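Structure file work.txt with compact mmCIF, C-alpha atoms:
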# COMPACT_ATOMS: atom_id res chain seq x y z
CA MET A 1132 88.22 147.42 96.26
CA ALA A 1133 87.38 144.52 98.58
CA SER A 1134 86.67 140.90 97.67
CA PHE A 1135 84.01 140.38 100.35
CA PRO A 1136 81.07 142.34 101.80
CA PRO A 1137 82.02 144.75 104.65
CA ARG A 1138 80.17 142.64 107.23
CA VAL A 1139 82.30 139.57 106.41
CA ASN A 1140 85.64 139.04 108.14
CA GLU A 1141 87.92 137.53 105.51
CA LYS A 1142 90.09 135.88 108.16
CA GLU A 1143 87.10 133.87 109.42
CA ILE A 1144 86.32 132.32 106.03
CA VAL A 1145 87.39 128.68 105.89
CA ARG A 1146 90.28 127.81 103.55
CA SER A 1147 89.57 124.77 101.42
CA ARG A 1148 91.82 121.76 101.83
CA THR A 1149 94.00 120.95 98.82
CA ILE A 1150 93.49 117.40 97.52
CA GLY A 1151 96.09 117.34 94.78
CA GLU A 1152 97.64 118.84 91.66
CA LEU A 1153 98.26 117.61 88.14
CA LEU A 1154 101.04 119.77 86.77
CA ALA A 1155 101.67 119.92 83.04
CA VAL A 1156 105.34 119.68 82.04
CA ALA A 1157 106.42 122.38 79.60
CA ALA A 1158 108.74 121.24 76.82
CA PRO A 1159 111.83 123.35 75.97
CA PHE A 1160 110.90 126.38 73.86
CA ASP A 1161 107.24 125.56 74.38
CA LYS A 1162 105.01 128.46 73.42
CA LYS A 1163 102.92 129.88 76.24
CA CYS A 1164 100.02 130.55 73.89
CA GLY A 1165 98.06 127.35 73.36
CA ARG A 1166 98.90 125.74 76.71
CA GLU A 1167 95.67 126.97 78.33
CA ASN A 1168 93.43 124.46 80.07
CA TRP A 1169 90.04 125.78 79.00
CA THR A 1170 87.96 122.83 80.20
CA VAL A 1171 88.04 120.13 82.84
CA ALA A 1172 85.44 117.35 82.88
CA PHE A 1173 84.37 114.36 84.96
CA ALA A 1174 82.65 111.37 83.36
CA PRO A 1175 78.97 111.06 84.38
CA ASP A 1176 79.68 107.74 86.14
CA GLY A 1177 82.76 109.14 87.88
CA SER A 1178 85.13 106.74 86.14
CA TYR A 1179 87.33 109.27 84.32
CA PHE A 1180 88.68 112.78 84.61
CA ALA A 1181 89.77 114.65 81.48
CA TRP A 1182 91.53 117.93 80.82
CA SER A 1183 93.45 119.72 78.08
CA GLN A 1184 97.17 119.72 78.89
CA GLY A 1185 97.79 122.36 76.27
CA HIS A 1186 98.10 122.65 72.51
CA SER A 1187 96.49 119.53 70.99
CA THR A 1188 96.75 117.13 73.93
CA VAL A 1189 93.92 115.81 76.10
CA LYS A 1190 94.63 113.50 79.00
CA LEU A 1191 92.18 111.04 80.56
CA VAL A 1192 92.92 109.48 83.93
CA PRO A 1193 90.87 106.98 85.97
CA TRP A 1194 89.46 109.20 88.70
CA SER A 1195 89.62 106.62 91.48
CA GLN A 1196 93.28 105.93 90.68
CA CYS A 1197 94.01 109.64 90.59
CA LEU A 1198 92.60 110.08 94.10
CA LYS A 1199 94.57 107.06 95.29
CA ASN A 1200 97.80 108.53 93.91
CA PHE A 1201 97.16 111.79 95.77
CA LEU A 1202 96.80 109.88 99.03
CA LEU A 1203 99.90 107.73 98.43
CA HIS A 1204 102.30 110.26 96.94
CA GLY A 1205 101.08 113.60 98.26
CA THR A 1206 99.28 116.37 96.45
CA LYS A 1207 101.64 116.92 93.53
CA ASN A 1208 101.61 114.72 90.47
CA ILE A 1209 103.60 115.63 87.37
CA THR A 1210 101.77 114.40 84.29
CA ASN A 1211 103.81 112.21 82.01
CA SER A 1212 103.51 113.30 78.40
CA SER A 1213 105.07 110.04 77.26
CA GLY A 1214 102.36 107.96 78.91
CA LEU A 1215 100.14 105.42 77.20
CA ARG A 1216 98.57 106.76 74.03
CA LEU A 1217 95.10 105.72 73.05
CA SER A 1218 95.04 102.49 71.13
CA ARG A 1219 93.45 102.47 67.71
CA GLN A 1220 92.51 98.81 68.12
CA ASN A 1221 89.34 97.56 69.72
CA SER A 1222 89.81 96.01 73.13
CA ASP A 1223 88.05 92.95 74.42
CA GLY A 1224 85.20 93.33 76.89
CA ALA A 1225 87.37 92.86 79.96
CA GLN A 1226 89.81 95.57 78.93
CA LYS A 1227 87.20 97.91 77.54
CA ASN A 1228 85.49 98.61 80.82
CA LYS A 1229 88.67 98.80 82.88
CA PRO A 1230 89.66 102.48 83.20
CA ARG A 1231 93.17 103.18 81.94
CA GLU A 1232 95.22 106.35 81.67
CA HIS A 1233 95.24 107.69 78.11
CA ILE A 1234 96.57 110.59 76.08
CA ILE A 1235 94.74 111.84 72.99
CA ASP A 1236 96.37 113.93 70.28
CA CYS A 1237 93.52 115.93 68.77
CA GLY A 1238 95.59 117.59 66.04
CA ASP A 1239 94.77 121.18 67.02
CA ILE A 1240 94.38 123.38 70.09
CA VAL A 1241 91.61 122.02 72.32
CA TRP A 1242 89.10 124.55 73.65
CA SER A 1243 86.34 122.34 75.01
CA LEU A 1244 85.64 118.84 76.35
CA ALA A 1245 82.51 116.92 77.25
CA PHE A 1246 81.73 113.37 78.31
CA GLY A 1247 78.62 111.74 76.90
CA SER A 1248 77.04 108.47 77.97
CA SER A 1249 74.35 106.26 76.51
CA VAL A 1250 73.33 105.55 80.10
CA PRO A 1251 70.90 108.30 81.17
CA GLU A 1252 71.77 110.28 84.29
CA LYS A 1253 68.06 110.45 85.03
CA GLN A 1254 65.02 108.75 83.48
CA SER A 1255 65.62 108.74 79.75
CA ARG A 1256 63.31 109.96 77.02
CA CYS A 1257 65.31 107.82 74.61
CA VAL A 1258 64.19 104.18 74.38
CA ASN A 1259 66.80 102.55 72.12
CA ILE A 1260 70.31 103.62 71.19
CA GLU A 1261 71.21 102.19 67.77
CA TRP A 1262 74.07 103.67 65.79
CA HIS A 1263 74.02 103.38 62.03
CA ARG A 1264 77.72 102.77 61.48
CA PHE A 1265 78.70 101.67 64.98
CA LYS A 1266 77.07 99.10 67.25
CA PHE A 1267 77.71 99.64 70.93
CA GLY A 1268 76.31 98.44 74.20
CA GLN A 1269 74.20 100.50 76.54
CA ASP A 1270 77.26 101.47 78.59
CA GLN A 1271 78.94 103.54 75.88
CA LEU A 1272 81.13 106.41 77.14
CA LEU A 1273 82.24 109.09 74.68
CA LEU A 1274 84.51 112.11 74.83
CA ALA A 1275 83.87 115.09 72.56
CA THR A 1276 86.67 117.57 71.91
CA GLY A 1277 86.12 121.02 70.39
CA LEU A 1278 89.06 122.41 68.44
CA ASN A 1279 90.56 125.69 67.33
CA ASN A 1280 89.82 124.94 63.67
CA GLY A 1281 86.07 124.54 64.28
CA ARG A 1282 86.08 120.75 64.21
CA ILE A 1283 84.61 118.42 66.82
CA LYS A 1284 86.14 114.99 67.32
CA ILE A 1285 84.26 112.19 69.07
CA TRP A 1286 86.28 109.47 70.82
CA ASP A 1287 85.42 106.15 72.41
CA VAL A 1288 86.84 106.55 75.91
CA TYR A 1289 87.37 102.81 76.49
CA THR A 1290 88.99 101.81 73.18
CA GLY A 1291 90.51 105.09 72.04
CA LYS A 1292 88.90 104.85 68.63
CA LEU A 1293 88.13 108.10 66.80
CA LEU A 1294 84.46 107.64 65.93
CA LEU A 1295 83.38 110.87 64.28
CA ASN A 1296 84.85 114.09 62.92
CA LEU A 1297 82.15 116.78 62.85
CA VAL A 1298 82.88 119.64 60.45
CA ASP A 1299 80.46 122.57 60.23
CA HIS A 1300 81.59 125.35 62.54
CA THR A 1301 83.74 128.01 60.92
CA GLU A 1302 85.40 129.28 64.13
CA VAL A 1303 86.65 127.98 67.48
CA VAL A 1304 84.35 125.49 69.22
CA ARG A 1305 84.28 127.14 72.62
CA ASP A 1306 82.05 124.72 74.54
CA LEU A 1307 80.33 121.33 74.29
CA THR A 1308 77.55 119.71 76.29
CA PHE A 1309 75.73 116.37 76.04
CA ALA A 1310 72.05 115.90 76.89
CA PRO A 1311 71.90 114.11 80.27
CA ASP A 1312 69.09 111.77 79.13
CA GLY A 1313 71.39 109.28 77.38
CA SER A 1314 70.14 110.26 73.91
CA LEU A 1315 73.71 111.17 72.78
CA ILE A 1316 72.53 114.57 71.59
CA LEU A 1317 75.49 116.99 71.57
CA VAL A 1318 75.33 120.79 71.47
CA SER A 1319 78.34 122.88 70.47
CA ALA A 1320 78.91 126.61 71.05
CA SER A 1321 81.23 128.51 68.75
CA ARG A 1322 82.80 131.84 68.02
CA ASP A 1323 80.93 131.73 64.70
CA LYS A 1324 77.91 133.00 66.75
CA THR A 1325 75.94 129.75 66.47
CA LEU A 1326 75.00 126.69 68.47
CA ARG A 1327 74.73 123.41 66.61
CA VAL A 1328 72.80 120.32 67.66
CA TRP A 1329 74.29 116.95 66.68
CA ASP A 1330 72.71 113.50 66.85
CA LEU A 1331 75.60 111.13 67.51
CA LYS A 1332 73.43 108.03 67.29
CA ASP A 1333 72.69 109.04 63.69
CA ASP A 1334 76.30 109.16 62.50
CA GLY A 1335 76.75 112.63 63.97
CA ASN A 1336 74.07 114.20 61.81
CA MET A 1337 73.65 117.92 62.48
CA MET A 1338 69.99 118.31 63.43
CA LYS A 1339 69.67 122.06 63.96
CA VAL A 1340 71.52 125.37 64.01
CA LEU A 1341 70.42 127.71 66.81
CA ARG A 1342 70.87 131.36 65.84
CA GLY A 1343 70.30 134.45 67.94
CA HIS A 1344 73.66 135.42 69.38
CA GLN A 1345 75.10 138.54 67.81
CA ASN A 1346 78.64 137.72 68.93
CA TRP A 1347 80.80 134.86 70.21
CA VAL A 1348 79.06 132.09 72.12
CA TYR A 1349 81.16 131.14 75.15
CA SER A 1350 79.27 128.39 76.93
CA CYS A 1351 76.16 126.22 76.95
CA ALA A 1352 74.49 123.85 79.40
CA PHE A 1353 71.53 121.45 79.37
CA SER A 1354 68.92 121.39 82.11
CA PRO A 1355 68.87 118.04 83.99
CA ASP A 1356 65.78 116.82 82.11
CA SER A 1357 67.35 117.80 78.74
CA SER A 1358 64.32 119.93 77.83
CA MET A 1359 66.06 123.32 78.11
CA LEU A 1360 69.41 124.69 77.01
CA CYS A 1361 71.15 127.82 78.27
CA SER A 1362 73.72 129.57 76.09
CA VAL A 1363 75.82 132.59 77.06
CA GLY A 1364 78.19 134.81 75.18
CA ALA A 1365 79.60 138.22 74.42
CA SER A 1366 77.45 141.36 74.54
CA LYS A 1367 75.78 140.37 77.86
CA ALA A 1368 73.87 137.55 76.16
CA VAL A 1369 72.02 134.85 78.14
CA PHE A 1370 69.57 132.80 76.04
CA LEU A 1371 67.24 129.94 77.01
CA TRP A 1372 66.16 127.43 74.35
CA ASN A 1373 63.38 124.86 74.14
CA MET A 1374 65.17 121.69 73.06
CA ASP A 1375 62.01 119.88 72.00
CA LYS A 1376 61.06 122.57 69.49
CA TYR A 1377 64.53 124.16 69.03
CA THR A 1378 63.11 127.62 69.63
CA MET A 1379 64.21 130.43 71.90
CA ILE A 1380 62.25 130.67 75.15
CA ARG A 1381 63.58 133.99 76.40
CA LYS A 1382 66.61 136.23 76.72
CA LEU A 1383 67.69 137.01 80.28
CA GLU A 1384 68.69 140.62 80.96
CA GLY A 1385 70.85 141.76 83.86
CA HIS A 1386 74.58 141.35 83.21
CA HIS A 1387 76.74 144.35 82.22
CA HIS A 1388 79.55 142.54 80.39
CA ASP A 1389 80.28 139.34 78.47
CA VAL A 1390 78.75 136.23 80.06
CA VAL A 1391 81.22 133.36 79.91
CA ALA A 1392 79.82 130.40 81.86
CA CYS A 1393 76.52 128.85 82.92
CA ASP A 1394 75.25 125.83 84.83
CA PHE A 1395 71.90 124.45 86.00
CA SER A 1396 71.21 123.18 89.50
CA PRO A 1397 70.65 119.40 89.80
CA ASP A 1398 66.87 119.86 90.03
CA GLY A 1399 66.74 122.35 87.15
CA ALA A 1400 65.09 125.03 89.30
CA LEU A 1401 68.09 127.38 89.30
CA LEU A 1402 70.52 128.67 86.69
CA ALA A 1403 73.90 130.22 87.51
CA THR A 1404 75.68 132.54 85.06
CA ALA A 1405 79.17 134.05 85.42
CA SER A 1406 80.24 137.29 83.79
CA TYR A 1407 83.18 139.63 83.36
CA ASP A 1408 81.03 142.20 85.21
CA THR A 1409 82.37 140.64 88.49
CA ARG A 1410 79.04 138.94 89.27
CA VAL A 1411 77.44 135.53 89.33
CA TYR A 1412 73.65 135.68 89.00
CA ILE A 1413 71.33 132.93 90.19
CA TRP A 1414 68.19 132.91 88.03
CA ASP A 1415 64.87 131.17 88.01
CA PRO A 1416 65.05 129.87 84.41
CA HIS A 1417 61.28 129.32 84.29
CA THR A 1418 60.41 132.97 85.04
CA GLY A 1419 63.59 134.85 84.17
CA ASP A 1420 63.84 136.39 87.65
CA ILE A 1421 67.20 137.06 89.33
CA LEU A 1422 67.03 135.35 92.72
CA MET A 1423 70.53 136.16 94.00
CA GLU A 1424 73.66 138.11 93.11
CA LEU A 1425 77.05 136.71 94.15
CA GLY A 1426 79.46 139.61 94.04
CA HIS A 1427 83.24 139.38 93.64
CA MET A 1428 83.99 143.09 94.22
CA PHE A 1429 82.82 145.45 96.95
CA PRO A 1430 81.41 147.98 96.72
CA PRO A 1431 79.75 146.56 93.59
CA PRO A 1432 80.98 148.28 90.42
CA THR A 1433 78.70 150.60 88.52
CA PRO A 1434 77.39 149.29 85.18
CA ILE A 1435 79.91 151.43 83.28
CA PHE A 1436 82.88 150.17 85.32
CA ALA A 1437 81.55 146.58 85.34
CA GLY A 1438 81.41 146.67 81.55
CA GLY A 1439 85.11 147.47 81.25
CA ALA A 1440 88.41 145.97 82.31
CA ASN A 1441 88.89 145.01 85.96
CA ASP A 1442 90.75 142.39 87.99
CA ARG A 1443 87.61 140.55 89.13
CA TRP A 1444 86.42 138.96 85.89
CA VAL A 1445 84.54 135.78 86.80
CA ARG A 1446 85.74 132.99 84.53
CA SER A 1447 83.71 129.95 85.54
CA VAL A 1448 80.79 128.75 87.68
CA SER A 1449 79.61 125.27 88.62
CA PHE A 1450 76.80 123.72 90.68
CA SER A 1451 77.47 120.87 93.09
CA ASN A 1452 75.28 117.78 92.89
CA ASP A 1453 73.87 118.48 96.38
CA GLY A 1454 72.07 121.53 95.00
CA LEU A 1455 73.33 123.57 97.95
CA HIS A 1456 76.76 124.76 96.82
CA ILE A 1457 78.19 126.72 93.90
CA ALA A 1458 81.83 127.29 92.95
CA SER A 1459 83.12 130.32 91.08
CA LEU A 1460 86.56 131.20 89.77
CA ALA A 1461 87.70 134.80 89.21
CA ASP A 1462 90.75 136.78 88.12
CA ASP A 1463 91.48 137.93 91.69
CA LYS A 1464 93.39 134.66 92.22
CA MET A 1465 90.66 133.06 94.26
CA VAL A 1466 88.19 130.17 94.02
CA ARG A 1467 85.01 130.75 96.02
CA PHE A 1468 82.52 128.23 97.37
CA TRP A 1469 79.01 129.59 98.01
CA ARG A 1470 75.80 128.34 99.59
CA ILE A 1471 72.63 129.10 97.68
CA ASP A 1472 71.16 130.80 100.77
CA GLU A 1473 74.19 133.05 101.50
CA ASP A 1474 75.54 136.01 99.51
CA TYR A 1475 79.14 135.54 100.70
CA PRO A 1476 81.57 132.62 100.27
CA VAL A 1477 81.63 129.87 102.88
CA GLN A 1478 85.07 128.66 101.73
CA VAL A 1479 87.86 130.01 99.53
CA ALA A 1480 91.03 128.67 97.92
CA PRO A 1481 93.97 130.45 96.25
CA LEU A 1482 94.47 129.97 92.50
CA SER A 1483 96.45 132.05 90.02
CA ASN A 1484 95.51 132.25 86.35
CA GLY A 1485 92.44 130.02 86.69
CA LEU A 1486 90.20 129.47 83.67
CA CYS A 1487 87.64 126.76 84.45
CA CYS A 1488 86.23 124.62 87.25
CA ALA A 1489 83.96 121.61 87.71
CA PHE A 1490 82.68 119.49 90.59
CA SER A 1491 83.35 115.77 90.66
CA THR A 1492 80.37 113.52 90.01
CA ASP A 1493 79.75 112.98 93.75
CA GLY A 1494 80.39 116.65 94.54
CA SER A 1495 83.22 115.95 96.99
CA VAL A 1496 86.03 117.54 94.92
CA LEU A 1497 86.39 120.66 92.80
CA ALA A 1498 88.84 120.66 89.88
CA ALA A 1499 90.16 123.87 88.34
CA GLY A 1500 92.25 124.36 85.19
CA THR A 1501 94.80 127.12 84.61
CA HIS A 1502 96.63 129.00 81.85
CA ASP A 1503 99.63 126.67 81.96
CA GLY A 1504 97.67 123.44 81.42
CA SER A 1505 97.72 122.30 85.07
CA VAL A 1506 94.81 121.19 87.27
CA TYR A 1507 94.27 121.76 90.99
CA PHE A 1508 91.85 119.93 93.29
CA TRP A 1509 90.19 120.92 96.57
CA ALA A 1510 87.84 119.28 99.04
CA THR A 1511 84.45 120.95 98.81
CA PRO A 1512 82.18 122.14 101.64
CA ARG A 1513 80.18 119.16 102.85
CA GLN A 1514 77.01 119.06 104.86
CA ILE A 1515 74.05 116.73 105.20
CA PRO A 1516 71.16 118.23 103.22
CA SER A 1517 68.04 118.84 105.25
CA LEU A 1518 64.94 116.75 104.63
CA GLN A 1519 63.18 119.93 103.50
CA HIS A 1520 65.84 120.56 100.84
CA LEU A 1521 65.72 116.97 99.59
CA CYS A 1522 61.94 117.19 99.29
CA ARG A 1523 62.26 120.52 97.49
CA MET A 1524 64.69 119.05 94.96
CA SER A 1525 62.41 116.05 94.37
CA ILE A 1526 59.46 118.34 93.68
CA ARG A 1527 61.38 120.79 91.51
CA ARG A 1528 62.78 118.02 89.31
CA VAL A 1529 59.27 117.46 87.95
CA MET A 1530 57.53 120.81 88.51
CA PRO A 1531 58.49 124.19 86.99
CA THR A 1532 57.94 127.38 88.94
CA GLN A 1533 54.61 128.13 87.29
CA GLN A 1534 53.14 124.83 88.51
CA VAL A 1535 54.62 125.24 91.99
CA GLN A 1536 52.98 128.67 92.31
CA GLN A 1537 49.58 127.12 91.68
CA LEU A 1538 49.85 124.66 94.57
CA PRO A 1539 47.37 125.25 97.45
CA ILE A 1540 50.09 125.57 100.09
CA PRO A 1541 51.12 128.25 102.64
CA SER A 1542 53.05 131.20 101.25
CA LYS A 1543 56.20 130.39 103.25
CA VAL A 1544 56.29 126.86 101.82
CA LEU A 1545 55.70 128.30 98.36
CA GLU A 1546 58.62 130.69 98.80
CA PHE A 1547 60.85 127.85 99.96
CA LEU A 1548 59.94 125.64 97.00
CA SER A 1549 60.57 128.57 94.66
CA TYR A 1550 64.01 129.23 96.20
CA ARG A 1551 62.92 132.70 97.29
CA ILE A 1552 64.06 132.22 100.90

Rewrite the structure of this file - the entire thing - as structure tokens.
Amino acid sequence: MASFPPRVNEKEIVRSRTIGELLAVAAPFDKKCGRENWTVAFAPDGSYFAWSQGHSTVKLVPWSQCLKNFLLHGTKNITNSSGLRLSRQNSDGAQKNKPREHIIDCGDIVWSLAFGSSVPEKQSRCVNIEWHRFKFGQDQLLLATGLNNGRIKIWDVYTGKLLLNLVDHTEVVRDLTFAPDGSLILVSASRDKTLRVWDLKDDGNMMKVLRGHQNWVYSCAFSPDSSMLCSVGASKAVFLWNMDKYTMIRKLEGHHHDVVACDFSPDGALLATASYDTRVYIWDPHTGDILMELGHMFPPPTPIFAGGANDRWVRSVSFSNDGLHIASLADDKMVRFWRIDEDYPVQVAPLSNGLCCAFSTDGSVLAAGTHDGSVYFWATPRQIPSLQHLCRMSIRRVMPTQQVQQLPIPSKVLEFLSYRI
């Protein structure tokens, strides 16, 4: 079985440049189980990078300082488990907004991480942020951690204070995602087959339980305007939810095995899903159509073989902020970088035992976590987006496919705006 289409010469594919490594130090007699780095995350403003070092430990590092260390000391950086622990005391204003390296002990194995900010990434639907028990400024930055025991802990990134302990899930909290609109709405995905919606500005009140999955829920992601949620899980499940009404919009059919990761494009016009069936599908979330298939095994496996065990399980997928590139991570010891208009990788990087990946806030770096709690970083493919693509993204941020299709424009322009060419 090949990793690339027959027409592609593997030797001609560009190898991504390594930026750096954060290697977790294993203690003597440390158990291998529980060291997995299931999630890596960048703060929305690019100030912090966070990852699970294994067991109950989460480490936060100032991202700018991390990049500087890579340039000064080379690519390798052994993380220091005896570093500064998060203070339980409030800091003054000057210290609060100065990024510092921290270590959080969450008390149980960490499966998921997510940064949340009261500053909207786009225009916010939320007018005022007023917490009942806590009063914070409009620059609040939070870190949510999902644990093996079903609990979710919410931390103040700047002060290290544990703000909330959310207890409702009965199984592992496999993924977390904040609404990008600054409303501090958090959605959690769990092995208990549910998604739960939490309002952190209302003391972490659980607003809604979303039911529909018949098995474990692996991942969830908000659309950029916070109006839609995608959730994926075992039994080939891909669900889309209306987050204004908390109702299911549709179920997307196409995968042949468990679906383990999902991500929206920056304009919300595309949805990427990764599955153990060796494929990444690019969907139009507004119509449910599959626009592209990114294969990781050639010839493509039959549905029966794709639904079983193979060495090409795709573990993670992530969209870059330029809307042009996608990264995927598979069990064949390779990270792939794709363009949305090509069905073969434009760059690749070697990685053994990878579990997760995420682009930095500016899209210039990809971070990937592994089974042993380490993180690896690569420079991403960079190109200047065309004016046509920038215009397309501006239009698609405010217009779903159905509205675009009603525009009195030439068919070729319509196809371009709909990402069909």

Given all atoms listed in the file as the counted atoms, nearest of A:Asn1346, A:Ser1505, A:Gln1537, A:Ser1243 to Leu1274 in chain A: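 So, comparing all the options, the nearest one is A:Ser1243.
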
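Relative to CA of Asp1408 in chain A, CA of His1386 in chain A is found at 6.8 Å.
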
Residues within 7 Å of (77.7, 121.5, 89.0), file coords, all atoms listed in the file, listed as a list in words: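 Applying the cut-off with all atoms listed in the file, one gets Asp1394, Ser1396, Ser1449, Phe1450, Ser1451, Asn1452, Ala1489 and Phe1490 of chain A.
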
Contacts of range 1458-1472 of chain A at 9 Å (only C-alpha atoms; same-chain gap of 3+ positions) as a VMD selection string: chain A and resid 1134 1147 1405 1407 1409 1411 1413 1423 1425 1427 1441 to 1451 1454 to 1455 1475 to 1490 1497 1499 1511 to 1512 1550 1552

Nearest to Asp1239 in chain A by atom-to-atom distance, counting all atoms listed in the file, from A:Gly1291, A:Gly1343, A:Gly1151, A:Gly1185: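 Under the stated criterion, the closest residue is A:Gly1185.
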
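Minimum atom-to-atom distances from A:Leu1202, A:Leu1401, A:Pro1175, A:Met1428 to Asp1312 in chain A were compared using all atoms listed in the file, and the lowest value belongs to A:Pro1175.
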